[in-house]
There are 2 protein chains.
Amino acid sequence: MLFFALGACQPTGEANDKTAETAGEKESVKPAYAIVIHGGAGTITRSMMTAEMEAEYRATLNAALDIGEGVLAQGGSALDAVEQTIRSLEDSPLFNAGKGAVFTHEGKNELDAAIMMGSNLAAGSIGGVTTVRNPISLARAVMEKSPHVMMAGPGAEEFAKEQGLEIVSPDYFFTQKRFDALQKAIQEEKEKQPMGYTGENRDYKFGTVGCVALDKAGHIVAGTSTGGMTNKRYNRIGDAPIIGAGTYANDATCGISCTGHGEFFIRYTVAHDVSALMEYQGLSLQEAADKVVMDKLVKAGGEGGLVALDRQGNIAMPFNSEGMYRGYARPGERVVEIYKDEKN
Amino acid sequence: MLFFALGACQPTGEANDKTAETAGEKESVKPAYAIVIHGGAGTITRSMMTAEMEAEYRATLNAALDIGEGVLAQGGSALDAVEQTIRSLEDSPLFNAGKGAVFTHEGKNELDAAIMMGSNLAAGSIGGVTTVRNPISLARAVMEKSPHVMMAGPGAEEFAKEQGLEIVSPDYFFTQKRFDALQKAIQEEKEKQPMGYTGENRDYKFGTVGCVALDKAGHIVAGTSTGGMTNKRYNRIGDAPIIGAGTYANDATCGISCTGHGEFFIRYTVAHDVSALMEYQGLSLQEAADKVVMDKLVKAGGEGGLVALDRQGNIAMPFNSEGMYRGYARPGERVVEIYKDEKN
C-alpha cells in the first residue's frame, strides 16, 4: 500500500511534527487528532439564507466540533468523539437527523444511522427506527452489544429498549419546518406527477449528518445519521446505514461519511470506493475523494458530497451540490463552511 | 483498467472464439453467455449427506442452470436469466431462500434479496419481507419500478402488493427441517449461552442462493436471495441485500453473489472489493476473488464463499468453508459441485 500526504488540507502544527514516517516501517509516532463533520449537502445558497440562519448553522457546527475536539484533545477515542459529536447534531433541529428529521410520506420520521471503526472494521447500523432519540448510539450498541451489523425497524427498536437507550415518543421528532416541507412535497408531487411517485423533488432531500475522527492512538472512526428523504415511502433505506456506501472506516486508508442522493451512493459504493482508490491505486485522500464525488458521481448525475480524513490527518470535503454544511478541527486549526465559494 | 483472462475456469468453445480483444479498444465482438450459481456455503461434507440427498441437490442445481442457460442461449437478458434461475432456487425447499428459508428466533421467515445490473449499476434490494413468494422478483421491481434502491419490512411488502407480485401466507415458508433447526438452535443457545444471545451457532446459518449471468450482449447481472441466519433476532439484515457486500455487478469488471457469515461480508465490503481489485490493481477475476475469500476473510475469521464471473466469461467460485453448493454453465460446458475436494 502507498500513502501520499498531498491533500489540499494538510494538517498543521502538531500533526506535521508527528506524522513523519518511513514507508514500510511500523509507525512509532502517533498522529495528532483530527475531526471532520457535515450537516448535509444540497441546494444551499446565500440567497436562501438569512444572516441569522447562517449564524445559527455556523454556531451549531462549531459547537459540534467543540464536543468532538474536546474528546480527542484529552486523548479520548475516535469512537466516543464521533458518537458524541453526532448526538449533538441529532439533537439540533437544524439538521435532517434525530430531532429535525424529515417526514416520510405517511408523516412519520424514520431514522437511519451507522458507525464503523477503522481499527478492526467493526460496524453497526440501523434502518427505519422511529422512537430512538439518538440513532448513532443505537448503531454503536448494535456494533458492540450484538453479533449483528445491521438491524431494522421494530427489531432494532426492541434491541434499543433492551440496551437501555433513550426512547422517545415519535412526536419528539416533529418540527414545523420539516412538516411543512412534506406538505410542499406532496403538493408538488400531485401537480407534477399525478400518476405516481418518482421522487424527483430534489431540493429538500439531501440532509444527513456525519463525522469522521482520528484519535491520538491513530484510529479512525466514521459515523452517519439521517432522517432520509422527505416524502420517502415503503420503508426506504438510504445509503447512510449501508457500510461501504454512506459510511466506511479503515485505519489503513481513511474514514468517510457521505451525504446526498442516497440511491447513487449505494449503487456507486461511494465510501468503499474512495478507500479502494487509496489502497489499490495509491491515490491521496483528496485525489480519491475528488475522483468519486467530482467525476464518477457527477457523470452519473448523483448529487451530494462527503467528508473524509486519513491516518495522517489530511482532510477532504468534496461536494458537487450548491453547498454543504461542513467543518473540521485539528490542533490549532478550525474551519466551518457552508457555501461552494468557501471551498478550499 | 487492465483485464487478464487467467482464471482457473477459462471459458471454452464459443467463449474462447469470441473474447479476443485488444486492450484499450472498444469491444466489437459479443462474448458468449455464462451463468454461475450457488446454493449456500457451510459445513457441507460427504459424511452428513446421503446418496439420495446429494442426488437431489445436484438435480436441483442442474435444473436451475437449465433455466438460466435456456434464457441466455436464446439471446435473453442476464436480468431475466438471473431472476428466473433464482426464482427456481427460492421455490425449492432445499435452500435457505424463499420456500425453505430458515426461521427467526420468533419463528418467522424474514427474507432478504438484491439484484444489480452491471450495464448501468442499477440495483434493487429488500430486507425482512415475510409474505412475498419470490423476493428476487421484488428486488427487481424495486430497481425497475421505484426511485429507491432499498426497501424494508412492511413498506417493501406494501410495494410488492402494489406491483402485483405473488403474495403468500407466512405459512407458505414453513418447512419441518428448518423449524427443527430453530428448535435445535434455541436449545443449544440455552445450554451454551444462558445469559444471552451471541449467535455463535455456526453450522446452520450460512444458507443463501445466488446467481450471476453474462448475456450475449455482454451485460452482467448478479442476484442473491436468502432467509438469513437461523434464530436471528431484531430484524437483523445480512449481506445479501447490501449492494457491495453480498451482491454487486459492473460490466467493466465482474458480477458477484456471496454466501457466508454475512456480518463479515458487510464489514469487508466483499463484493465491491473483488471488483475494485480487478479495476484498480488489474487482478484477474480468480486472483481478486481468491484474495478476498481465501486471504482477507480467512484472516478475519469470516466463513463463506462467492460465485463470480467477468465479461470474458471467466468464472470463480472460491469458498473457505467445508462445502458450497455451486455450479456453472457455458456453451457446451456444465459443472455442478458440492464438496471441497471437487474444487477445481
# chains A, B, ... in the order shown; residues from 1 in each chain; ligands from 1
$ interface_residues --of "chain A" --to "chain B" --cutoff "8 Å" --atoms "only C-alpha atoms" --output "PyMOL selection string"
chain A and resi 121-123+146-159+197-199+233-238+242-245+263+266-269+272-273+276-277+280-281
$ calpha_fit_and_write --fixed "chain A" --moving "chain B" --output "JSON list (two decimals) with C-alpha atoms, in the first residue's frame"
[["chain", "number", "residue", "atom", "x", "y", "z"],
["B", 1, "MET", "CA", 0.02, 0.02, -0.18],
["B", 2, "LEU", "CA", 1.17, 3.52, -0.97],
["B", 3, "PHE", "CA", 0.19, 6.59, 0.96],
["B", 4, "PHE", "CA", 0.56, 10.16, -0.16],
["B", 5, "ALA", "CA", 0.02, 13.27, 1.93],
["B", 6, "LEU", "CA", -0.74, 15.70, -0.87],
["B", 7, "GLY", "CA", -4.33, 16.59, 0.03],
["B", 8, "ALA", "CA", -5.48, 20.19, -0.22],
["B", 9, "CYS", "CA", -6.04, 20.31, 3.53],
["B", 10, "GLN", "CA", -2.69, 19.41, 5.08],
["B", 11, "PRO", "CA", -2.58, 19.01, 8.81],
["B", 12, "THR", "CA", -0.77, 21.86, 10.54],
["B", 13, "GLY", "CA", 1.10, 22.28, 13.83],
["B", 14, "GLU", "CA", 1.17, 19.18, 15.97],
["B", 15, "ALA", "CA", 0.03, 17.02, 13.08],
["B", 16, "ASN", "CA", 2.88, 17.99, 10.78],
["B", 17, "ASP", "CA", 5.44, 17.34, 13.49],
["B", 18, "LYS", "CA", 4.28, 13.81, 14.09],
["B", 19, "THR", "CA", 3.34, 12.28, 10.80],
["B", 20, "ALA", "CA", 6.84, 11.81, 9.36],
["B", 21, "GLU", "CA", 6.90, 8.20, 8.30],
["B", 22, "THR", "CA", 9.02, 5.95, 6.14],
["B", 23, "ALA", "CA", 7.01, 3.86, 3.72],
["B", 24, "GLY", "CA", 6.91, 0.25, 4.77],
["B", 25, "GLU", "CA", 8.02, 0.89, 8.33],
["B", 26, "LYS", "CA", 5.66, 0.34, 11.19],
["B", 27, "GLU", "CA", 4.44, 3.64, 12.54],
["B", 28, "SER", "CA", 6.01, 4.45, 15.87],
["B", 29, "VAL", "CA", 4.71, 8.03, 16.27],
["B", 30, "LYS", "CA", 1.12, 8.88, 17.02],
["B", 31, "PRO", "CA", -0.58, 11.24, 14.60],
["B", 32, "ALA", "CA", -2.34, 14.27, 16.05],
["B", 33, "TYR", "CA", -6.09, 14.14, 16.29],
["B", 34, "ALA", "CA", -8.42, 15.42, 13.61],
["B", 35, "ILE", "CA", -12.18, 15.62, 13.25],
["B", 36, "VAL", "CA", -14.41, 16.50, 10.31],
["B", 37, "ILE", "CA", -18.19, 16.84, 10.17],
["B", 38, "HIS", "CA", -21.03, 17.54, 7.77],
["B", 39, "GLY", "CA", -24.63, 18.58, 8.19],
["B", 40, "GLY", "CA", -25.88, 17.66, 4.72],
["B", 41, "ALA", "CA", -25.40, 18.78, 1.12],
["B", 42, "GLY", "CA", -27.89, 20.23, -1.33],
["B", 43, "THR", "CA", -29.21, 23.46, -2.75],
["B", 44, "ILE", "CA", -27.72, 25.68, -0.08],
["B", 45, "THR", "CA", -27.02, 29.18, -1.41],
["B", 46, "ARG", "CA", -26.51, 32.63, 0.09],
["B", 47, "SER", "CA", -29.75, 33.81, -1.49],
["B", 48, "MET", "CA", -31.84, 31.37, 0.52],
["B", 49, "MET", "CA", -30.16, 32.12, 3.83],
["B", 50, "THR", "CA", -30.68, 35.00, 6.29],
["B", 51, "ALA", "CA", -27.74, 36.29, 8.31],
["B", 52, "GLU", "CA", -29.41, 34.94, 11.42],
["B", 53, "MET", "CA", -29.92, 31.43, 9.97],
["B", 54, "GLU", "CA", -26.37, 31.33, 8.71],
["B", 55, "ALA", "CA", -25.01, 32.34, 12.09],
["B", 56, "GLU", "CA", -27.09, 29.64, 13.74],
["B", 57, "TYR", "CA", -25.81, 26.93, 11.39],
["B", 58, "ARG", "CA", -22.20, 27.99, 11.89],
["B", 59, "ALA", "CA", -22.60, 28.13, 15.65],
["B", 60, "THR", "CA", -24.13, 24.65, 15.78],
["B", 61, "LEU", "CA", -21.39, 23.18, 13.59],
["B", 62, "ASN", "CA", -18.75, 24.86, 15.79],
["B", 63, "ALA", "CA", -20.41, 23.56, 18.94],
["B", 64, "ALA", "CA", -20.41, 20.04, 17.48],
["B", 65, "LEU", "CA", -16.70, 20.32, 16.64],
["B", 66, "ASP", "CA", -16.04, 21.61, 20.17],
["B", 67, "ILE", "CA", -17.56, 18.44, 21.59],
["B", 68, "GLY", "CA", -15.59, 16.06, 19.38],
["B", 69, "GLU", "CA", -12.35, 18.02, 19.67],
["B", 70, "GLY", "CA", -12.74, 18.08, 23.43],
["B", 71, "VAL", "CA", -12.84, 14.29, 23.52],
["B", 72, "LEU", "CA", -9.87, 13.89, 21.18],
["B", 73, "ALA", "CA", -7.65, 16.57, 22.73],
["B", 74, "GLN", "CA", -7.95, 14.82, 26.08],
["B", 75, "GLY", "CA", -6.84, 11.55, 24.52],
["B", 76, "GLY", "CA", -10.35, 10.12, 24.19],
["B", 77, "SER", "CA", -11.26, 7.63, 21.50],
["B", 78, "ALA", "CA", -12.40, 8.47, 17.99],
["B", 79, "LEU", "CA", -15.42, 6.27, 18.76],
["B", 80, "ASP", "CA", -16.53, 8.49, 21.66],
["B", 81, "ALA", "CA", -15.75, 11.64, 19.66],
["B", 82, "VAL", "CA", -17.86, 10.54, 16.69],
["B", 83, "GLU", "CA", -20.78, 9.35, 18.82],
["B", 84, "GLN", "CA", -20.92, 12.48, 20.97],
["B", 85, "THR", "CA", -20.47, 14.86, 18.04],
["B", 86, "ILE", "CA", -23.24, 13.20, 16.05],
["B", 87, "ARG", "CA", -25.53, 13.12, 19.11],
["B", 88, "SER", "CA", -25.24, 16.91, 19.29],
["B", 89, "LEU", "CA", -26.15, 17.24, 15.61],
["B", 90, "GLU", "CA", -29.05, 14.78, 16.06],
["B", 91, "ASP", "CA", -30.34, 16.87, 18.97],
["B", 92, "SER", "CA", -30.32, 20.04, 16.84],
["B", 93, "PRO", "CA", -33.50, 20.76, 14.85],
["B", 94, "LEU", "CA", -31.38, 22.36, 12.10],
["B", 95, "PHE", "CA", -30.24, 19.11, 10.51],
["B", 96, "ASN", "CA", -32.02, 16.12, 8.97],
["B", 97, "ALA", "CA", -31.16, 13.61, 11.69],
["B", 98, "GLY", "CA", -32.70, 12.87, 15.07],
["B", 99, "LYS", "CA", -34.73, 15.94, 16.12],
["B", 100, "GLY", "CA", -35.17, 17.75, 12.82],
["B", 101, "ALA", "CA", -35.50, 14.62, 10.70],
["B", 102, "VAL", "CA", -37.63, 14.90, 7.59],
["B", 103, "PHE", "CA", -41.04, 13.26, 7.28],
["B", 104, "THR", "CA", -41.97, 10.15, 5.32],
["B", 105, "HIS", "CA", -44.94, 10.20, 2.99],
["B", 106, "GLU", "CA", -47.09, 8.88, 5.83],
["B", 107, "GLY", "CA", -46.00, 11.71, 8.14],
["B", 108, "LYS", "CA", -43.55, 9.69, 10.20],
["B", 109, "ASN", "CA", -39.85, 10.17, 10.95],
["B", 110, "GLU", "CA", -37.81, 7.07, 10.12],
["B", 111, "LEU", "CA", -34.19, 7.27, 11.12],
["B", 112, "ASP", "CA", -31.11, 5.49, 9.74],
["B", 113, "ALA", "CA", -27.57, 5.52, 11.16],
["B", 114, "ALA", "CA", -24.25, 3.68, 11.03],
["B", 115, "ILE", "CA", -20.89, 3.71, 12.74],
["B", 116, "MET", "CA", -17.66, 1.92, 11.79],
["B", 117, "MET", "CA", -14.26, 1.50, 13.42],
["B", 118, "GLY", "CA", -11.15, 1.58, 11.24],
["B", 119, "SER", "CA", -9.03, -0.43, 13.67],
["B", 120, "ASN", "CA", -10.89, -3.73, 13.25],
["B", 121, "LEU", "CA", -13.61, -2.94, 10.68],
["B", 122, "ALA", "CA", -16.28, -3.43, 13.35],
["B", 123, "ALA", "CA", -19.55, -1.80, 12.33],
["B", 124, "GLY", "CA", -23.10, -1.24, 13.51],
["B", 125, "SER", "CA", -26.05, 0.08, 11.58],
["B", 126, "ILE", "CA", -29.79, 0.59, 11.90],
["B", 127, "GLY", "CA", -32.57, 1.41, 9.46],
["B", 128, "GLY", "CA", -36.05, 2.79, 9.95],
["B", 129, "VAL", "CA", -36.32, 3.42, 13.69],
["B", 130, "THR", "CA", -38.98, 5.86, 14.91],
["B", 131, "THR", "CA", -38.60, 6.06, 18.70],
["B", 132, "VAL", "CA", -34.87, 6.17, 19.41],
["B", 133, "ARG", "CA", -33.70, 9.66, 20.32],
["B", 134, "ASN", "CA", -30.09, 9.15, 19.18],
["B", 135, "PRO", "CA", -29.81, 6.64, 16.34],
["B", 136, "ILE", "CA", -26.00, 6.89, 16.30],
["B", 137, "SER", "CA", -25.89, 5.48, 19.84],
["B", 138, "LEU", "CA", -28.11, 2.60, 18.76],
["B", 139, "ALA", "CA", -25.75, 1.89, 15.84],
["B", 140, "ARG", "CA", -22.89, 1.79, 18.34],
["B", 141, "ALA", "CA", -24.85, -0.59, 20.57],
["B", 142, "VAL", "CA", -25.53, -2.91, 17.61],
["B", 143, "MET", "CA", -21.78, -2.95, 16.93],
["B", 144, "GLU", "CA", -20.71, -3.49, 20.52],
["B", 145, "LYS", "CA", -23.54, -5.49, 22.09],
["B", 146, "SER", "CA", -24.86, -7.77, 19.35],
["B", 147, "PRO", "CA", -23.39, -10.31, 16.93],
["B", 148, "HIS", "CA", -25.07, -8.44, 14.06],
["B", 149, "VAL", "CA", -24.02, -5.47, 11.95],
["B", 150, "MET", "CA", -27.44, -4.27, 10.79],
["B", 151, "MET", "CA", -30.92, -4.23, 12.32],
["B", 152, "ALA", "CA", -34.11, -2.62, 11.02],
["B", 153, "GLY", "CA", -37.46, -1.27, 12.19],
["B", 154, "PRO", "CA", -39.25, -2.80, 15.17],
["B", 155, "GLY", "CA", -36.46, -5.31, 15.86],
["B", 156, "ALA", "CA", -33.91, -2.50, 16.12],
["B", 157, "GLU", "CA", -36.23, -0.63, 18.50],
["B", 158, "GLU", "CA", -36.70, -3.72, 20.67],
["B", 159, "PHE", "CA", -32.92, -4.02, 20.87],
["B", 160, "ALA", "CA", -32.66, -0.31, 21.77],
["B", 161, "LYS", "CA", -35.04, -0.81, 24.70],
["B", 162, "GLU", "CA", -33.14, -3.86, 25.92],
["B", 163, "GLN", "CA", -29.93, -1.85, 25.81],
["B", 164, "GLY", "CA", -31.44, 0.97, 27.87],
["B", 165, "LEU", "CA", -31.15, 3.64, 25.19],
["B", 166, "GLU", "CA", -33.35, 6.71, 25.47],
["B", 167, "ILE", "CA", -36.74, 6.03, 23.88],
["B", 168, "VAL", "CA", -38.95, 8.97, 22.92],
["B", 169, "SER", "CA", -42.46, 9.37, 21.57],
["B", 170, "PRO", "CA", -42.48, 9.70, 17.77],
["B", 171, "ASP", "CA", -43.80, 13.26, 18.44],
["B", 172, "TYR", "CA", -40.36, 14.20, 19.72],
["B", 173, "PHE", "CA", -39.14, 14.32, 16.12],
["B", 174, "PHE", "CA", -41.84, 16.76, 14.96],
["B", 175, "THR", "CA", -40.64, 20.12, 13.65],
["B", 176, "GLN", "CA", -42.91, 22.53, 11.83],
["B", 177, "LYS", "CA", -40.28, 23.25, 9.17],
["B", 178, "ARG", "CA", -39.97, 19.60, 8.16],
["B", 179, "PHE", "CA", -43.71, 19.02, 8.32],
["B", 180, "ASP", "CA", -44.26, 21.99, 5.99],
["B", 181, "ALA", "CA", -41.62, 20.56, 3.65],
["B", 182, "LEU", "CA", -43.58, 17.29, 3.46],
["B", 183, "GLN", "CA", -46.80, 19.14, 2.60],
["B", 184, "LYS", "CA", -44.93, 21.03, -0.11],
["B", 185, "ALA", "CA", -43.47, 17.78, -1.46],
["B", 186, "ILE", "CA", -46.85, 16.08, -1.56],
["B", 187, "GLN", "CA", -48.38, 19.10, -3.28],
["B", 188, "GLU", "CA", -45.60, 19.26, -5.87],
["B", 189, "GLU", "CA", -45.89, 15.54, -6.46],
["B", 190, "LYS", "CA", -49.60, 15.92, -7.16],
["B", 191, "GLU", "CA", -49.04, 18.75, -9.58],
["B", 192, "LYS", "CA", -46.07, 17.30, -11.41],
["B", 193, "GLN", "CA", -46.58, 13.57, -11.23],
["B", 194, "PRO", "CA", -50.27, 12.88, -10.88],
["B", 195, "MET", "CA", -49.79, 9.26, -11.95],
["B", 196, "GLY", "CA", -47.31, 8.20, -9.33],
["B", 197, "TYR", "CA", -44.25, 8.73, -7.27],
["B", 198, "THR", "CA", -40.95, 9.40, -8.95],
["B", 199, "GLY", "CA", -39.08, 11.02, -6.09],
["B", 200, "GLU", "CA", -37.66, 13.78, -8.24],
["B", 201, "ASN", "CA", -38.17, 16.59, -5.76],
["B", 202, "ARG", "CA", -34.51, 17.21, -5.30],
["B", 203, "ASP", "CA", -34.25, 20.35, -3.26],
["B", 204, "TYR", "CA", -35.11, 19.05, 0.16],
["B", 205, "LYS", "CA", -33.95, 15.53, 0.33],
["B", 206, "PHE", "CA", -30.21, 15.51, 0.87],
["B", 207, "GLY", "CA", -29.95, 16.13, 4.61],
["B", 208, "THR", "CA", -27.71, 13.95, 6.74],
["B", 209, "VAL", "CA", -25.18, 14.48, 9.49],
["B", 210, "GLY", "CA", -21.83, 12.77, 9.71],
["B", 211, "CYS", "CA", -18.52, 12.78, 11.49],
["B", 212, "VAL", "CA", -15.11, 11.18, 11.02],
["B", 213, "ALA", "CA", -12.44, 11.34, 13.70],
["B", 214, "LEU", "CA", -8.79, 10.33, 14.08],
["B", 215, "ASP", "CA", -7.67, 9.92, 17.69],
["B", 216, "LYS", "CA", -4.21, 10.19, 19.22],
["B", 217, "ALA", "CA", -3.89, 6.39, 19.13],
["B", 218, "GLY", "CA", -4.12, 6.58, 15.33],
["B", 219, "HIS", "CA", -7.57, 5.04, 15.03],
["B", 220, "ILE", "CA", -10.22, 6.27, 12.62],
["B", 221, "VAL", "CA", -13.98, 6.07, 13.20],
["B", 222, "ALA", "CA", -16.78, 7.21, 10.86],
["B", 223, "GLY", "CA", -20.47, 7.73, 11.59],
["B", 224, "THR", "CA", -23.55, 8.97, 9.74],
["B", 225, "SER", "CA", -27.14, 9.64, 10.85],
["B", 226, "THR", "CA", -30.15, 10.76, 8.86],
["B", 227, "GLY", "CA", -33.91, 11.03, 8.51],
["B", 228, "GLY", "CA", -33.53, 10.12, 4.85],
["B", 229, "MET", "CA", -35.61, 11.72, 2.10],
["B", 230, "THR", "CA", -38.64, 13.94, 2.60],
["B", 231, "ASN", "CA", -41.74, 12.08, 1.39],
["B", 232, "LYS", "CA", -39.95, 8.72, 1.21],
["B", 233, "ARG", "CA", -42.10, 5.61, 1.03],
["B", 234, "TYR", "CA", -42.08, 1.87, 1.51],
["B", 235, "ASN", "CA", -39.60, 1.88, 4.41],
["B", 236, "ARG", "CA", -36.94, 3.07, 1.99],
["B", 237, "ILE", "CA", -33.41, 2.68, 3.34],
["B", 238, "GLY", "CA", -30.77, 5.10, 2.06],
["B", 239, "ASP", "CA", -26.98, 4.99, 1.94],
["B", 240, "ALA", "CA", -26.25, 6.24, 5.46],
["B", 241, "PRO", "CA", -26.65, 2.82, 7.17],
["B", 242, "ILE", "CA", -25.07, 0.87, 4.30],
["B", 243, "ILE", "CA", -21.47, 0.04, 5.22],
["B", 244, "GLY", "CA", -19.32, 0.86, 2.18],
["B", 245, "ALA", "CA", -21.91, 3.22, 0.68],
["B", 246, "GLY", "CA", -22.57, 6.13, 3.08],
["B", 247, "THR", "CA", -20.23, 5.13, 5.90],
["B", 248, "TYR", "CA", -16.82, 3.40, 5.97],
["B", 249, "ALA", "CA", -13.65, 3.42, 8.03],
["B", 250, "ASN", "CA", -10.32, 1.61, 7.74],
["B", 251, "ASP", "CA", -7.21, 2.66, 9.66],
["B", 252, "ALA", "CA", -5.09, 1.61, 6.66],
["B", 253, "THR", "CA", -6.74, 4.18, 4.40],
["B", 254, "CYS", "CA", -9.39, 6.60, 5.63],
["B", 255, "GLY", "CA", -12.77, 7.21, 7.23],
["B", 256, "ILE", "CA", -15.72, 8.58, 5.26],
["B", 257, "SER", "CA", -19.24, 9.86, 5.87],
["B", 258, "CYS", "CA", -21.42, 10.73, 2.87],
["B", 259, "THR", "CA", -24.45, 12.91, 2.23],
["B", 260, "GLY", "CA", -26.48, 13.24, -0.93],
["B", 261, "HIS", "CA", -28.88, 11.39, -3.18],
["B", 262, "GLY", "CA", -28.48, 8.09, -1.34],
["B", 263, "GLU", "CA", -29.48, 5.77, -4.18],
["B", 264, "PHE", "CA", -26.44, 6.88, -6.19],
["B", 265, "PHE", "CA", -24.16, 6.48, -3.19],
["B", 266, "ILE", "CA", -25.34, 2.88, -2.75],
["B", 267, "ARG", "CA", -25.01, 1.98, -6.43],
["B", 268, "TYR", "CA", -21.53, 3.51, -6.63],
["B", 269, "THR", "CA", -20.41, 2.05, -3.27],
["B", 270, "VAL", "CA", -19.01, 5.52, -2.69],
["B", 271, "ALA", "CA", -17.33, 5.24, 0.71],
["B", 272, "HIS", "CA", -15.55, 1.96, -0.01],
["B", 273, "ASP", "CA", -14.58, 3.16, -3.47],
["B", 274, "VAL", "CA", -12.66, 6.10, -1.99],
["B", 275, "SER", "CA", -10.84, 3.71, 0.33],
["B", 276, "ALA", "CA", -10.13, 1.24, -2.51],
["B", 277, "LEU", "CA", -8.67, 3.99, -4.73],
["B", 278, "MET", "CA", -6.25, 4.86, -1.92],
["B", 279, "GLU", "CA", -5.38, 1.25, -1.07],
["B", 280, "TYR", "CA", -5.11, -0.18, -4.57],
["B", 281, "GLN", "CA", -4.11, 2.79, -6.73],
["B", 282, "GLY", "CA", -2.09, 4.80, -4.21],
["B", 283, "LEU", "CA", -4.19, 7.92, -4.63],
["B", 284, "SER", "CA", -4.12, 10.52, -1.88],
["B", 285, "LEU", "CA", -7.28, 11.06, 0.17],
["B", 286, "GLN", "CA", -8.09, 14.23, -1.75],
["B", 287, "GLU", "CA", -7.47, 12.60, -5.14],
["B", 288, "ALA", "CA", -9.58, 9.57, -4.29],
["B", 289, "ALA", "CA", -12.45, 11.61, -2.83],
["B", 290, "ASP", "CA", -12.43, 14.00, -5.80],
["B", 291, "LYS", "CA", -12.35, 11.12, -8.28],
["B", 292, "VAL", "CA", -15.51, 9.61, -6.80],
["B", 293, "VAL", "CA", -17.51, 12.75, -5.95],
["B", 294, "MET", "CA", -16.45, 15.20, -8.66],
["B", 295, "ASP", "CA", -15.99, 12.72, -11.51],
["B", 296, "LYS", "CA", -17.84, 9.41, -11.12],
["B", 297, "LEU", "CA", -20.88, 10.79, -9.29],
["B", 298, "VAL", "CA", -21.11, 13.88, -11.47],
["B", 299, "LYS", "CA", -21.10, 11.74, -14.62],
["B", 300, "ALA", "CA", -23.81, 9.54, -13.11],
["B", 301, "GLY", "CA", -25.94, 12.50, -12.00],
["B", 302, "GLY", "CA", -25.51, 11.68, -8.32],
["B", 303, "GLU", "CA", -25.68, 14.85, -6.27],
["B", 304, "GLY", "CA", -24.01, 15.18, -2.88],
["B", 305, "GLY", "CA", -20.70, 15.12, -1.10],
["B", 306, "LEU", "CA", -18.69, 13.56, 1.68],
["B", 307, "VAL", "CA", -16.26, 14.32, 4.47],
["B", 308, "ALA", "CA", -13.19, 12.17, 4.99],
["B", 309, "LEU", "CA", -9.86, 12.02, 6.76],
["B", 310, "ASP", "CA", -6.86, 9.70, 6.56],
["B", 311, "ARG", "CA", -4.45, 8.47, 9.20],
["B", 312, "GLN", "CA", -2.09, 11.38, 8.65],
["B", 313, "GLY", "CA", -4.92, 13.76, 9.52],
["B", 314, "ASN", "CA", -5.42, 14.98, 5.95],
["B", 315, "ILE", "CA", -8.98, 16.11, 5.37],
["B", 316, "ALA", "CA", -11.17, 16.15, 2.23],
["B", 317, "MET", "CA", -14.69, 17.61, 1.97],
["B", 318, "PRO", "CA", -15.66, 17.43, -1.74],
["B", 319, "PHE", "CA", -19.26, 18.06, -2.86],
["B", 320, "ASN", "CA", -20.87, 18.57, -6.24],
["B", 321, "SER", "CA", -24.00, 20.33, -4.98],
["B", 322, "GLU", "CA", -24.55, 24.04, -4.33],
["B", 323, "GLY", "CA", -23.45, 23.81, -0.75],
["B", 324, "MET", "CA", -22.64, 21.51, 2.13],
["B", 325, "TYR", "CA", -22.66, 22.29, 5.85],
["B", 326, "ARG", "CA", -19.19, 21.20, 6.91],
["B", 327, "GLY", "CA", -16.20, 21.82, 9.11],
["B", 328, "TYR", "CA", -13.13, 20.34, 10.71],
["B", 329, "ALA", "CA", -10.78, 20.78, 13.61],
["B", 330, "ARG", "CA", -7.15, 19.88, 14.14],
["B", 331, "PRO", "CA", -4.78, 21.18, 16.84],
["B", 332, "GLY", "CA", -4.77, 24.96, 16.47],
["B", 333, "GLU", "CA", -7.00, 24.88, 13.39],
["B", 334, "ARG", "CA", -10.76, 25.28, 12.92],
["B", 335, "VAL", "CA", -12.78, 25.60, 9.71],
["B", 336, "VAL", "CA", -16.57, 25.85, 9.31],
["B", 337, "GLU", "CA", -18.04, 26.38, 5.82],
["B", 338, "ILE", "CA", -21.40, 26.29, 4.07],
["B", 339, "TYR", "CA", -21.22, 27.59, 0.50],
["B", 340, "LYS", "CA", -19.39, 26.47, -2.60],
["B", 341, "ASP", "CA", -17.37, 29.70, -2.86],
["B", 342, "GLU", "CA", -15.82, 28.97, 0.54],
["B", 343, "LYS", "CA", -14.45, 25.71, -0.83],
["B", 344, "ASN", "CA", -10.73, 25.40, -0.30]]
$ select_by_dssp --residues "region 230-298 of chain A" --states "helix (DSSP H, G or I)" --output "PyMOL selection string"
chain A and resi 262-267+270-281+285-298
$ decode --residues "region 275-290 of chain B" --atoms "C-alpha atoms" --output "tab-separated table (two decimals), in the first residue's frame"
chain	number	residue	atom	x	y	z
B	275	SER	CA	-14.45	-5.64	-8.31
B	276	ALA	CA	-12.07	-2.93	-7.02
B	277	LEU	CA	-9.10	-5.33	-7.02
B	278	MET	CA	-9.80	-6.06	-10.69
B	279	GLU	CA	-10.41	-2.43	-11.66
B	280	TYR	CA	-7.65	-0.75	-9.68
B	281	GLN	CA	-4.96	-3.44	-9.37
B	282	GLY	CA	-5.52	-5.32	-12.62
B	283	LEU	CA	-6.04	-8.66	-10.90
B	284	SER	CA	-7.86	-11.39	-12.78
B	285	LEU	CA	-11.29	-12.45	-11.52
B	286	GLN	CA	-9.84	-15.57	-9.92
B	287	GLU	CA	-6.98	-13.68	-8.28
B	288	ALA	CA	-9.29	-10.99	-6.92
B	289	ALA	CA	-11.89	-13.47	-5.64
B	290	ASP	CA	-9.21	-15.65	-4.02
